[in-house]
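Raw run-v1.cif, mmCIF, C-alpha atoms and all ligand atoms; chains and numbers go by the auth columns:
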```cif
data_query
loop_
_atom_site.group_PDB
_atom_site.id
_atom_site.type_symbol
_atom_site.label_atom_id
_atom_site.label_comp_id
_atom_site.label_asym_id
_atom_site.label_seq_id
_atom_site.Cartn_x
_atom_site.Cartn_y
_atom_site.Cartn_z
_atom_site.B_iso_or_equiv
_atom_site.auth_seq_id
_atom_site.auth_asym_id
ATOM 1 C CA MET A 1 49.269 -26.382 69.128 0.00 1 A
ATOM 2 C CA SER A 2 46.385 -28.836 68.586 0.00 2 A
ATOM 3 C CA ALA A 3 45.371 -31.378 71.266 0.00 3 A
ATOM 4 C CA ASP A 4 46.802 -34.163 69.051 0.00 4 A
ATOM 5 C CA ASP A 5 50.169 -32.376 68.760 0.00 5 A
ATOM 6 C CA LYS A 6 50.290 -31.926 72.549 0.00 6 A
ATOM 7 C CA LEU A 7 49.615 -35.633 73.063 0.00 7 A
ATOM 8 C CA TYR A 8 52.293 -36.525 70.524 0.00 8 A
ATOM 9 C CA GLU A 9 54.804 -34.200 72.177 0.00 9 A
ATOM 10 C CA ARG A 10 54.236 -35.946 75.521 0.00 10 A
ATOM 11 C CA PHE A 11 53.766 -39.573 74.520 0.00 11 A
ATOM 12 C CA GLY A 12 54.788 -39.860 70.858 0.00 12 A
ATOM 13 C CA ARG A 13 57.547 -42.145 69.586 0.00 13 A
ATOM 14 C CA GLU A 14 58.601 -43.291 66.123 0.00 14 A
ATOM 15 C CA PHE A 15 59.393 -46.893 65.277 0.00 15 A
ATOM 16 C CA PRO A 16 60.937 -48.370 62.105 0.00 16 A
ATOM 17 C CA ALA A 17 59.354 -51.205 60.068 0.00 17 A
ATOM 18 C CA GLY A 18 60.210 -54.606 61.531 0.00 18 A
ATOM 19 C CA HIS A 19 60.534 -53.330 65.117 0.00 19 A
ATOM 20 C CA VAL A 20 58.938 -55.739 67.611 0.00 20 A
ATOM 21 C CA LEU A 21 57.083 -53.650 70.206 0.00 21 A
ATOM 22 C CA PHE A 22 56.368 -56.647 72.433 0.00 22 A
ATOM 23 C CA ARG A 23 56.015 -60.404 72.221 0.00 23 A
ATOM 24 C CA GLU A 24 53.239 -62.748 73.250 0.00 24 A
ATOM 25 C CA GLY A 25 53.853 -63.762 76.881 0.00 25 A
ATOM 26 C CA ASP A 26 55.791 -60.582 77.851 0.00 26 A
ATOM 27 C CA ALA A 27 54.621 -58.557 80.848 0.00 27 A
ATOM 28 C CA GLY A 28 52.513 -55.573 79.738 0.00 28 A
ATOM 29 C CA ARG A 29 53.965 -52.182 80.614 0.00 29 A
ATOM 30 C CA GLU A 30 52.139 -49.772 78.334 0.00 30 A
ATOM 31 C CA MET A 31 49.412 -49.428 75.734 0.00 31 A
ATOM 32 C CA PHE A 32 49.755 -47.877 72.290 0.00 32 A
ATOM 33 C CA VAL A 33 47.687 -45.668 69.988 0.00 33 A
ATOM 34 C CA VAL A 34 48.573 -45.619 66.276 0.00 34 A
ATOM 35 C CA GLN A 35 48.997 -42.078 64.896 0.00 35 A
ATOM 36 C CA SER A 36 50.440 -43.160 61.537 0.00 36 A
ATOM 37 C CA GLY A 37 51.858 -46.303 59.938 0.00 37 A
ATOM 38 C CA LYS A 38 50.795 -49.908 60.537 0.00 38 A
ATOM 39 C CA VAL A 39 51.226 -52.439 63.333 0.00 39 A
ATOM 40 C CA ARG A 40 50.649 -56.168 62.926 0.00 40 A
ATOM 41 C CA ILE A 41 49.213 -58.187 65.794 0.00 41 A
ATOM 42 C CA SER A 42 50.141 -61.859 65.494 0.00 42 A
ATOM 43 C CA LYS A 43 50.131 -65.095 67.397 0.00 43 A
ATOM 44 C CA GLN A 44 52.451 -68.080 67.188 0.00 44 A
ATOM 45 C CA VAL A 45 50.380 -71.192 66.455 0.00 45 A
ATOM 46 C CA ARG A 46 52.662 -74.232 66.700 0.00 46 A
ATOM 47 C CA ASP A 47 55.582 -73.020 64.557 0.00 47 A
ATOM 48 C CA VAL A 48 53.587 -70.701 62.292 0.00 48 A
ATOM 49 C CA GLU A 49 53.135 -66.962 62.870 0.00 49 A
ATOM 50 C CA LYS A 50 49.447 -66.101 62.252 0.00 50 A
ATOM 51 C CA THR A 51 48.379 -62.501 61.708 0.00 51 A
ATOM 52 C CA LEU A 52 45.275 -61.632 63.743 0.00 52 A
ATOM 53 C CA VAL A 53 44.916 -58.074 62.541 0.00 53 A
ATOM 54 C CA VAL A 54 46.830 -55.152 61.024 0.00 54 A
ATOM 55 C CA LEU A 55 46.079 -51.902 62.837 0.00 55 A
ATOM 56 C CA GLY A 56 46.270 -48.403 61.328 0.00 56 A
ATOM 57 C CA PRO A 57 45.813 -44.758 62.407 0.00 57 A
ATOM 58 C CA GLY A 58 43.251 -44.183 65.173 0.00 58 A
ATOM 59 C CA GLU A 59 43.442 -47.749 66.485 0.00 59 A
ATOM 60 C CA PHE A 60 44.908 -48.866 69.803 0.00 60 A
ATOM 61 C CA PHE A 61 46.446 -52.056 71.169 0.00 61 A
ATOM 62 C CA GLY A 62 48.223 -53.422 74.221 0.00 62 A
ATOM 63 C CA GLU A 63 45.375 -52.366 76.515 0.00 63 A
ATOM 64 C CA MET A 64 44.407 -55.919 77.498 0.00 64 A
ATOM 65 C CA SER A 65 47.363 -56.822 79.695 0.00 65 A
ATOM 66 C CA ILE A 66 47.181 -53.408 81.347 0.00 66 A
ATOM 67 C CA LEU A 67 43.490 -53.833 82.109 0.00 67 A
ATOM 68 C CA ASN A 68 43.640 -57.425 83.359 0.00 68 A
ATOM 69 C CA ASN A 69 47.280 -57.794 84.448 0.00 69 A
ATOM 70 C CA ASN A 70 47.825 -60.817 82.213 0.00 70 A
ATOM 71 C CA PRO A 71 50.851 -61.344 79.952 0.00 71 A
ATOM 72 C CA ARG A 72 50.631 -60.023 76.377 0.00 72 A
ATOM 73 C CA SER A 73 48.074 -62.108 74.480 0.00 73 A
ATOM 74 C CA ALA A 74 49.837 -61.561 71.123 0.00 74 A
ATOM 75 C CA THR A 75 52.947 -60.056 69.491 0.00 75 A
ATOM 76 C CA ALA A 76 52.966 -56.522 68.035 0.00 76 A
ATOM 77 C CA THR A 77 55.351 -55.737 65.151 0.00 77 A
ATOM 78 C CA VAL A 78 55.665 -52.489 63.188 0.00 78 A
ATOM 79 C CA ASP A 79 54.760 -53.237 59.540 0.00 79 A
ATOM 80 C CA ASP A 80 55.052 -49.715 58.062 0.00 80 A
ATOM 81 C CA PRO A 81 57.158 -47.069 59.903 0.00 81 A
ATOM 82 C CA ALA A 82 54.867 -45.892 62.694 0.00 82 A
ATOM 83 C CA LYS A 83 54.262 -42.937 64.968 0.00 83 A
ATOM 84 C CA LEU A 84 52.671 -44.233 68.164 0.00 84 A
ATOM 85 C CA LEU A 85 51.501 -42.795 71.455 0.00 85 A
ATOM 86 C CA VAL A 86 53.046 -44.954 74.186 0.00 86 A
ATOM 87 C CA ILE A 87 50.947 -44.631 77.306 0.00 87 A
ATOM 88 C CA ASP A 88 51.815 -45.992 80.755 0.00 88 A
ATOM 89 C CA PRO A 89 49.110 -47.671 82.900 0.00 89 A
ATOM 90 C CA LYS A 90 48.673 -44.732 85.309 0.00 90 A
ATOM 91 C CA THR A 91 48.183 -42.195 82.508 0.00 91 A
ATOM 92 C CA PHE A 92 45.872 -44.622 80.703 0.00 92 A
ATOM 93 C CA GLU A 93 43.680 -45.015 83.779 0.00 93 A
ATOM 94 C CA ALA A 94 43.652 -41.254 84.392 0.00 94 A
ATOM 95 C CA MET A 95 42.651 -40.651 80.745 0.00 95 A
ATOM 96 C CA VAL A 96 39.780 -43.154 80.889 0.00 96 A
ATOM 97 C CA ARG A 97 38.559 -41.904 84.269 0.00 97 A
ATOM 98 C CA GLY A 98 38.806 -38.257 83.245 0.00 98 A
ATOM 99 C CA ASN A 99 37.221 -38.483 79.810 0.00 99 A
ATOM 100 C CA ALA A 100 33.995 -40.378 79.231 0.00 100 A
ATOM 101 C CA GLU A 101 34.355 -39.971 75.465 0.00 101 A
ATOM 102 C CA ILE A 102 37.643 -41.904 75.463 0.00 102 A
ATOM 103 C CA ALA A 103 35.970 -44.656 77.519 0.00 103 A
ATOM 104 C CA VAL A 104 32.973 -44.850 75.143 0.00 104 A
ATOM 105 C CA ARG A 105 35.242 -44.962 72.068 0.00 105 A
ATOM 106 C CA MET A 106 37.240 -47.784 73.620 0.00 106 A
ATOM 107 C CA ILE A 107 34.117 -49.765 74.507 0.00 107 A
ATOM 108 C CA LYS A 108 32.860 -49.380 70.920 0.00 108 A
ATOM 109 C CA LYS A 109 36.199 -50.600 69.502 0.00 109 A
ATOM 110 C CA LEU A 110 36.272 -53.533 71.931 0.00 110 A
ATOM 111 C CA ALA A 111 32.674 -54.428 70.981 0.00 111 A
ATOM 112 C CA ALA A 112 33.634 -54.366 67.278 0.00 112 A
ATOM 113 C CA ARG A 113 36.649 -56.583 68.029 0.00 113 A
ATOM 114 C CA LEU A 114 34.415 -59.042 69.888 0.00 114 A
ATOM 115 C CA GLN A 115 31.968 -59.119 66.982 0.00 115 A
ATOM 116 C CA GLU A 116 34.830 -59.819 64.593 0.00 116 A
ATOM 117 C CA THR A 117 36.101 -62.608 66.856 0.00 117 A
ATOM 118 C CA ASP A 118 32.584 -64.139 66.998 0.00 118 A
ATOM 119 C CA GLU A 119 32.493 -64.094 63.202 0.00 119 A
ATOM 120 C CA GLN A 120 35.910 -65.782 63.131 0.00 120 A
ATOM 121 C CA ILE A 121 34.642 -68.542 65.451 0.00 121 A
ATOM 122 C CA GLU A 122 31.587 -69.045 63.218 0.00 122 A
ATOM 123 C CA ASN A 123 33.914 -69.145 60.227 0.00 123 A
ATOM 124 C CA LEU A 124 36.219 -71.736 61.792 0.00 124 A
ATOM 125 C CA LEU A 125 33.187 -73.999 62.331 0.00 125 A
ATOM 126 C CA LEU A 126 32.604 -74.137 58.580 0.00 126 A
ATOM 127 C CA ARG A 127 34.221 -77.264 57.275 0.00 127 A
ATOM 128 C CA ASP A 128 35.087 -76.603 53.665 0.00 128 A
ATOM 129 C CA HIS A 129 37.693 -74.087 52.531 0.00 129 A
ATOM 130 C CA ASN A 130 35.517 -72.477 49.865 0.00 130 A
ATOM 131 C CA SER A 131 32.816 -71.655 52.409 0.00 131 A
ATOM 132 C CA ARG A 132 35.339 -70.186 54.860 0.00 132 A
ATOM 133 C CA VAL A 133 36.794 -67.784 52.304 0.00 133 A
ATOM 134 C CA VAL A 134 33.403 -66.800 50.867 0.00 134 A
ATOM 135 C CA HIS A 135 31.810 -66.370 54.321 0.00 135 A
ATOM 136 C CA PHE A 136 34.736 -64.204 55.466 0.00 136 A
ATOM 137 C CA LEU A 137 34.678 -61.992 52.371 0.00 137 A
ATOM 138 C CA GLY A 138 30.877 -61.604 52.560 0.00 138 A
ATOM 139 C CA ASN A 139 31.066 -60.465 56.207 0.00 139 A
ATOM 140 C CA LEU A 140 33.938 -58.103 55.572 0.00 140 A
ATOM 141 C CA ALA A 141 32.239 -56.599 52.519 0.00 141 A
ATOM 142 C CA ALA A 142 29.119 -55.919 54.632 0.00 142 A
ATOM 143 C CA ARG A 143 31.054 -54.549 57.620 0.00 143 A
ATOM 144 C CA GLN A 144 33.827 -52.457 56.102 0.00 144 A
ATOM 145 C CA GLY A 145 33.519 -52.676 52.319 0.00 145 A
ATOM 146 C CA LYS A 146 33.696 -49.463 50.279 0.00 146 A
ATOM 147 C CA PRO A 147 31.177 -49.161 47.446 0.00 147 A
ATOM 148 C CA THR A 148 32.818 -48.398 44.070 0.00 148 A
ATOM 149 C CA PRO A 149 31.317 -48.349 40.543 0.00 149 A
ATOM 150 C CA ASP A 150 32.839 -51.821 39.950 0.00 150 A
ATOM 151 C CA GLY A 151 31.705 -53.460 43.192 0.00 151 A
ATOM 152 C CA VAL A 152 32.533 -53.420 46.901 0.00 152 A
ATOM 153 C CA LEU A 153 36.203 -52.889 47.753 0.00 153 A
ATOM 154 C CA ILE A 154 37.648 -54.705 50.773 0.00 154 A
ATOM 155 C CA GLU A 155 40.942 -53.120 51.798 0.00 155 A
ATOM 156 C CA ILE A 156 42.803 -56.249 52.830 0.00 156 A
ATOM 157 C CA ALA A 157 45.982 -57.838 51.488 0.00 157 A
ATOM 158 C CA VAL A 158 45.583 -61.396 50.164 0.00 158 A
ATOM 159 C CA LYS A 159 48.425 -62.529 52.468 0.00 159 A
ATOM 160 C CA GLU A 160 46.354 -61.476 55.508 0.00 160 A
ATOM 161 C CA LEU A 161 43.405 -63.709 54.618 0.00 161 A
ATOM 162 C CA GLY A 162 44.911 -67.077 55.617 0.00 162 A
ATOM 163 C CA GLY A 163 45.732 -65.999 59.167 0.00 163 A
ATOM 164 C CA LYS A 164 42.223 -64.629 59.665 0.00 164 A
ATOM 165 C CA ILE A 165 40.476 -67.822 58.619 0.00 165 A
ATOM 166 C CA GLY A 166 42.991 -70.437 59.660 0.00 166 A
ATOM 167 C CA LEU A 167 43.972 -71.592 56.157 0.00 167 A
ATOM 168 C CA ASP A 168 47.345 -71.918 54.414 0.00 168 A
ATOM 169 C CA ASN A 169 48.068 -69.259 51.805 0.00 169 A
ATOM 170 C CA GLU A 170 48.058 -71.943 49.067 0.00 170 A
ATOM 171 C CA ARG A 171 44.494 -72.972 49.992 0.00 171 A
ATOM 172 C CA VAL A 172 43.383 -69.328 50.025 0.00 172 A
ATOM 173 C CA ASP A 173 44.962 -68.783 46.582 0.00 173 A
ATOM 174 C CA GLU A 174 43.196 -71.888 45.272 0.00 174 A
ATOM 175 C CA VAL A 175 39.783 -70.661 46.438 0.00 175 A
ATOM 176 C CA LEU A 176 40.428 -67.086 45.287 0.00 176 A
ATOM 177 C CA GLY A 177 41.387 -68.452 41.856 0.00 177 A
ATOM 178 C CA ARG A 178 37.988 -70.173 41.718 0.00 178 A
ATOM 179 C CA LEU A 179 36.165 -66.964 42.744 0.00 179 A
ATOM 180 C CA ILE A 180 38.123 -64.911 40.204 0.00 180 A
ATOM 181 C CA ARG A 181 37.287 -67.371 37.396 0.00 181 A
ATOM 182 C CA ALA A 182 33.607 -67.170 38.399 0.00 182 A
ATOM 183 C CA ARG A 183 33.895 -63.343 38.191 0.00 183 A
ATOM 184 C CA LEU A 184 32.807 -62.952 41.812 0.00 184 A
ATOM 185 C CA VAL A 185 36.022 -61.355 43.022 0.00 185 A
ATOM 186 C CA LYS A 186 38.930 -59.409 41.530 0.00 186 A
ATOM 187 C CA ILE A 187 42.355 -58.653 43.048 0.00 187 A
ATOM 188 C CA THR A 188 43.280 -54.951 42.745 0.00 188 A
ATOM 189 C CA ASP A 189 46.127 -52.762 44.043 0.00 189 A
ATOM 190 C CA SER A 190 43.907 -51.451 46.852 0.00 190 A
ATOM 191 C CA GLY A 191 42.519 -54.801 47.963 0.00 191 A
ATOM 192 C CA LEU A 192 39.874 -57.321 46.945 0.00 192 A
ATOM 193 C CA LEU A 193 36.972 -56.173 44.841 0.00 193 A
ATOM 194 C CA VAL A 194 33.755 -58.135 45.353 0.00 194 A
ATOM 195 C CA GLN A 195 32.086 -57.559 42.020 0.00 195 A
ATOM 196 C CA ASP A 196 28.635 -58.760 43.058 0.00 196 A
ATOM 197 C CA VAL A 197 27.926 -59.194 46.787 0.00 197 A
ATOM 198 C CA ASN A 198 24.528 -60.832 46.166 0.00 198 A
ATOM 199 C CA LYS A 199 26.068 -63.431 43.872 0.00 199 A
ATOM 200 C CA LEU A 200 28.752 -64.101 46.480 0.00 200 A
ATOM 201 C CA ARG A 201 25.979 -64.725 49.038 0.00 201 A
ATOM 202 C CA GLU A 202 24.196 -67.051 46.603 0.00 202 A
ATOM 203 C CA PHE A 203 27.449 -68.918 46.063 0.00 203 A
ATOM 204 C CA LEU A 204 27.773 -69.425 49.843 0.00 204 A
ATOM 205 C CA GLU A 205 24.179 -70.750 49.957 0.00 205 A
ATOM 206 C CA PHE A 206 25.065 -73.127 47.125 0.00 206 A
ATOM 207 C CA LEU A 207 28.121 -74.349 49.066 0.00 207 A
ATOM 208 C CA GLU A 208 25.938 -74.837 52.167 0.00 208 A
ATOM 209 C CA MET A 209 23.493 -76.950 50.125 0.00 209 A
ATOM 210 C CA LYS A 210 26.367 -79.016 48.784 0.00 210 A
ATOM 211 C CA GLU A 211 27.629 -79.581 52.337 0.00 211 A
ATOM 212 C CA LYS A 212 24.111 -80.597 53.430 0.00 212 A
ATOM 213 C CA PHE A 213 23.148 -82.873 50.576 0.00 213 A
ATOM 214 C CA GLY A 214 26.536 -83.821 49.108 0.00 214 A
ATOM 215 C CA GLU A 215 27.284 -84.078 45.387 0.00 215 A
ATOM 216 C CA ILE A 216 24.309 -85.372 43.347 0.00 216 A
HETATM 217 P P1 LIG B . 47.686 -57.225 75.005 0.00 301 A
HETATM 218 O O1 LIG B . 47.216 -58.598 75.398 0.00 301 A
HETATM 219 O O2 LIG B . 48.177 -56.304 76.047 0.00 301 A
HETATM 220 O O3 LIG B . 48.846 -57.410 73.894 0.00 301 A
HETATM 221 C C1 LIG B . 48.470 -57.896 72.612 0.00 301 A
HETATM 222 C C2 LIG B . 47.415 -56.969 72.070 0.00 301 A
HETATM 223 O O4 LIG B . 46.920 -57.305 70.798 0.00 301 A
HETATM 224 C C3 LIG B . 46.171 -57.039 72.975 0.00 301 A
HETATM 225 O O5 LIG B . 46.510 -56.483 74.221 0.00 301 A
HETATM 226 C C4 LIG B . 45.170 -56.326 72.120 0.00 301 A
HETATM 227 O O6 LIG B . 45.318 -54.934 72.218 0.00 301 A
HETATM 228 C C5 LIG B . 45.616 -56.766 70.721 0.00 301 A
HETATM 229 N N1 LIG B . 44.746 -57.861 70.212 0.00 301 A
HETATM 230 C C6 LIG B . 44.701 -59.127 70.644 0.00 301 A
HETATM 231 N N2 LIG B . 43.811 -59.845 69.915 0.00 301 A
HETATM 232 C C7 LIG B . 43.288 -58.992 69.005 0.00 301 A
HETATM 233 C C8 LIG B . 42.319 -59.114 67.978 0.00 301 A
HETATM 234 N N3 LIG B . 41.716 -60.281 67.714 0.00 301 A
HETATM 235 N N4 LIG B . 42.006 -58.016 67.261 0.00 301 A
HETATM 236 C C9 LIG B . 42.631 -56.835 67.508 0.00 301 A
HETATM 237 N N5 LIG B . 43.564 -56.670 68.460 0.00 301 A
HETATM 238 C C10 LIG B . 43.885 -57.723 69.210 0.00 301 A
#
```

Would you write out, as structure tokens, the structure that this file holds?
Amino acid sequence: MSADDKLYERFGREFPAGHVLFREGDAGREMFVVQSGKVRISKQVRDVEKTLVVLGPGEFFGEMSILNNNPRSATATVDDPAKLLVIDPKTFEAMVRGNAEIAVRMIKKLAARLQETDEQIENLLLRDHNSRVVHFLGNLAARQGKPTPDGVLIEIAVKELGGKIGLDNERVDEVLGRLIRARLVKITDSGLLVQDVNKLREFLEFLEMKEKFGEI
């Protein structure tokens, strides 16, 4: 039996799509590691549910309230049927203390999450909607885009974009429509295809100039 199978035998549980694992504000009792499926992390902002991130295999969540004893900072809902490791605080601490590699992997993931959050803050400081969408896509293409013969593929669903950049879906669709007409971006079954990353960057520079000098 592989090490992964042993872990799953001890801590594994299956959850159906739509199952709420915990809600923002709950007390934290365990942390989770995704083995398969997808889990959406979201926050209620006024009366709208905003998706912060969708997590897949190899990613973990729910560690924050265990580490700092605060209530859950966000809600976790199963999006696609998921197999998860459900780990109680004592086991979690023993794992981190006993295995430096686990600790290093966690620190790297947390650093990446912080970098993403910094980029989100920078993005929210941009005033116009076009710039926010273009800036976000440019960063994502550089960070996790997959090169293909037709451009750089960003594996993200269009409906996730709004929550990430604080815009309504209608606004996002409006801007995407503009980018599609300008042949900068294409929507595909696997995500968004940035046809020419350099042109996208130039477009952002153009928008920045417009913001600085206004329409002439
Ligand atoms: P916790 O606060 O216990 O419960 C909600 C979890 O969502 C949190 O731990 C993190 O694991 C996860 N989480 C919160 N914010 C983000 C984010 N911006 N990106 C990824 N995961 C997050």

Could you spell out the hits of the PyMOL selection byres (((not hetatm)) within 6 of (chain A and resi 301)) on the shown file, as a list in words?
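Selected by the PyMOL selection byres (((not hetatm)) within 6 of (chain A and resi 301)) here: Gly28, Ile41, Leu52, Val53, Phe61, Gly62, Glu63, Met64, Ser65, Arg72, Ser73, Ala74, Thr75 and Arg113 of chain A.
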
Among listed residues A:Thr91, A:Ser2, A:Thr51, A:Gln44, nearest Asn169 of chain A (using only C-alpha atoms):
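The closest residue to Asn169 of chain A is A:Thr51.
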
Excluding same-chain residues fewer than 6 positions from segment 5-18 of chain A, what lies within 7 Å of it counting only C-alpha atoms, as a ChimeraX atom specification?
/A:77-87

Distance of atom CA of His19 of chain A from atom CA of Ile187 of chain A, expressed in Å to one decimal place:
29.1 Å

Residue with smallest distance to Asn69 of chain A - pool A:Arg29, A:Val104, A:Glu116, A:Leu204, counting all atoms listed in the file
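Ranked by minimum distance to Asn69 of chain A, first place goes to A:Arg29.
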
Between atom CA of Lys199 of chain A and atom CA of Leu184 of chain A, what is the distance in Å, rounded to a tenth?
7.1 Å

Any idea what the distance is between atom CA of Asp26 of chain A and atom CA of Ile66 of chain A?
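Going from atom CA of Asp26 of chain A over to atom CA of Ile66 of chain A, I get 11.7 Å.
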
Non-local contacts of Gly151 of chain A (7 Å; only C-alpha atoms; under 6 positions in same chain excluded) as a list in words
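Listed by chain and then number, they are Leu193, Val194, Gln195 and Asp196 of chain A.
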
Written selection (C-alpha atoms) as a PDB file, in the frame of the given file:
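Saved the output as again33.pdb:
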```
ATOM      1  CA  LEU A 193      36.972 -56.173  44.841  1.00  0.00           C
ATOM      2  CA  VAL A 194      33.755 -58.135  45.353  1.00  0.00           C
ATOM      3  CA  GLN A 195      32.086 -57.559  42.020  1.00  0.00           C
ATOM      4  CA  ASP A 196      28.635 -58.760  43.058  1.00  0.00           C
TER       5      ASP A 196
END
```

Some atoms are missing, so please complete segment 156-164 of chain A with all heavy atoms and return it as a compact mmCIF listing (two decimals), keeping the file's coordinate frame.
```
# COMPACT_ATOMS: atom_id res chain seq x y z
N ILE A 156 42.04 -55.23 52.10
CA ILE A 156 42.80 -56.25 52.83
C ILE A 156 43.79 -56.87 51.85
O ILE A 156 43.48 -57.03 50.66
CB ILE A 156 41.86 -57.31 53.45
CG1 ILE A 156 42.63 -58.24 54.38
CG2 ILE A 156 41.14 -58.12 52.39
CD1 ILE A 156 41.77 -59.12 55.25
N ALA A 157 44.99 -57.19 52.36
CA ALA A 157 45.98 -57.84 51.49
C ALA A 157 45.69 -59.34 51.46
O ALA A 157 45.31 -59.91 52.49
CB ALA A 157 47.37 -57.58 52.04
N VAL A 158 45.87 -59.96 50.30
CA VAL A 158 45.58 -61.40 50.16
C VAL A 158 46.37 -62.20 51.21
O VAL A 158 45.85 -63.15 51.79
CB VAL A 158 45.92 -61.87 48.72
CG1 VAL A 158 45.85 -63.37 48.61
CG2 VAL A 158 44.98 -61.22 47.72
N LYS A 159 47.61 -61.75 51.51
CA LYS A 159 48.42 -62.53 52.47
C LYS A 159 47.87 -62.49 53.90
O LYS A 159 48.26 -63.29 54.73
CB LYS A 159 49.88 -62.09 52.42
CG LYS A 159 50.16 -60.68 52.89
CD LYS A 159 51.66 -60.43 52.86
CE LYS A 159 52.04 -59.00 52.96
NZ LYS A 159 51.90 -58.21 54.07
N GLU A 160 46.95 -61.55 54.16
CA GLU A 160 46.35 -61.48 55.51
C GLU A 160 45.20 -62.47 55.68
O GLU A 160 44.81 -62.79 56.80
CB GLU A 160 45.77 -60.08 55.75
CG GLU A 160 46.75 -59.06 56.24
CD GLU A 160 46.05 -57.73 56.39
OE1 GLU A 160 44.99 -57.67 57.03
OE2 GLU A 160 46.54 -56.74 55.82
N LEU A 161 44.63 -62.91 54.55
CA LEU A 161 43.40 -63.71 54.62
C LEU A 161 43.59 -65.02 55.38
O LEU A 161 42.80 -65.38 56.25
CB LEU A 161 42.90 -64.04 53.21
CG LEU A 161 42.23 -62.92 52.43
CD1 LEU A 161 41.86 -63.38 51.04
CD2 LEU A 161 40.98 -62.50 53.17
N GLY A 162 44.68 -65.75 55.04
CA GLY A 162 44.91 -67.08 55.62
C GLY A 162 44.90 -67.05 57.14
O GLY A 162 44.23 -67.86 57.78
N GLY A 163 45.64 -66.09 57.71
CA GLY A 163 45.73 -66.00 59.17
C GLY A 163 44.38 -65.75 59.81
O GLY A 163 44.08 -66.24 60.89
N LYS A 164 43.54 -64.98 59.12
CA LYS A 164 42.22 -64.63 59.66
C LYS A 164 41.28 -65.82 59.68
O LYS A 164 40.37 -65.89 60.49
CB LYS A 164 41.58 -63.53 58.81
CG LYS A 164 42.32 -62.24 58.85
CD LYS A 164 41.48 -61.26 59.61
CE LYS A 164 42.16 -59.94 59.70
NZ LYS A 164 41.66 -59.18 60.83
```
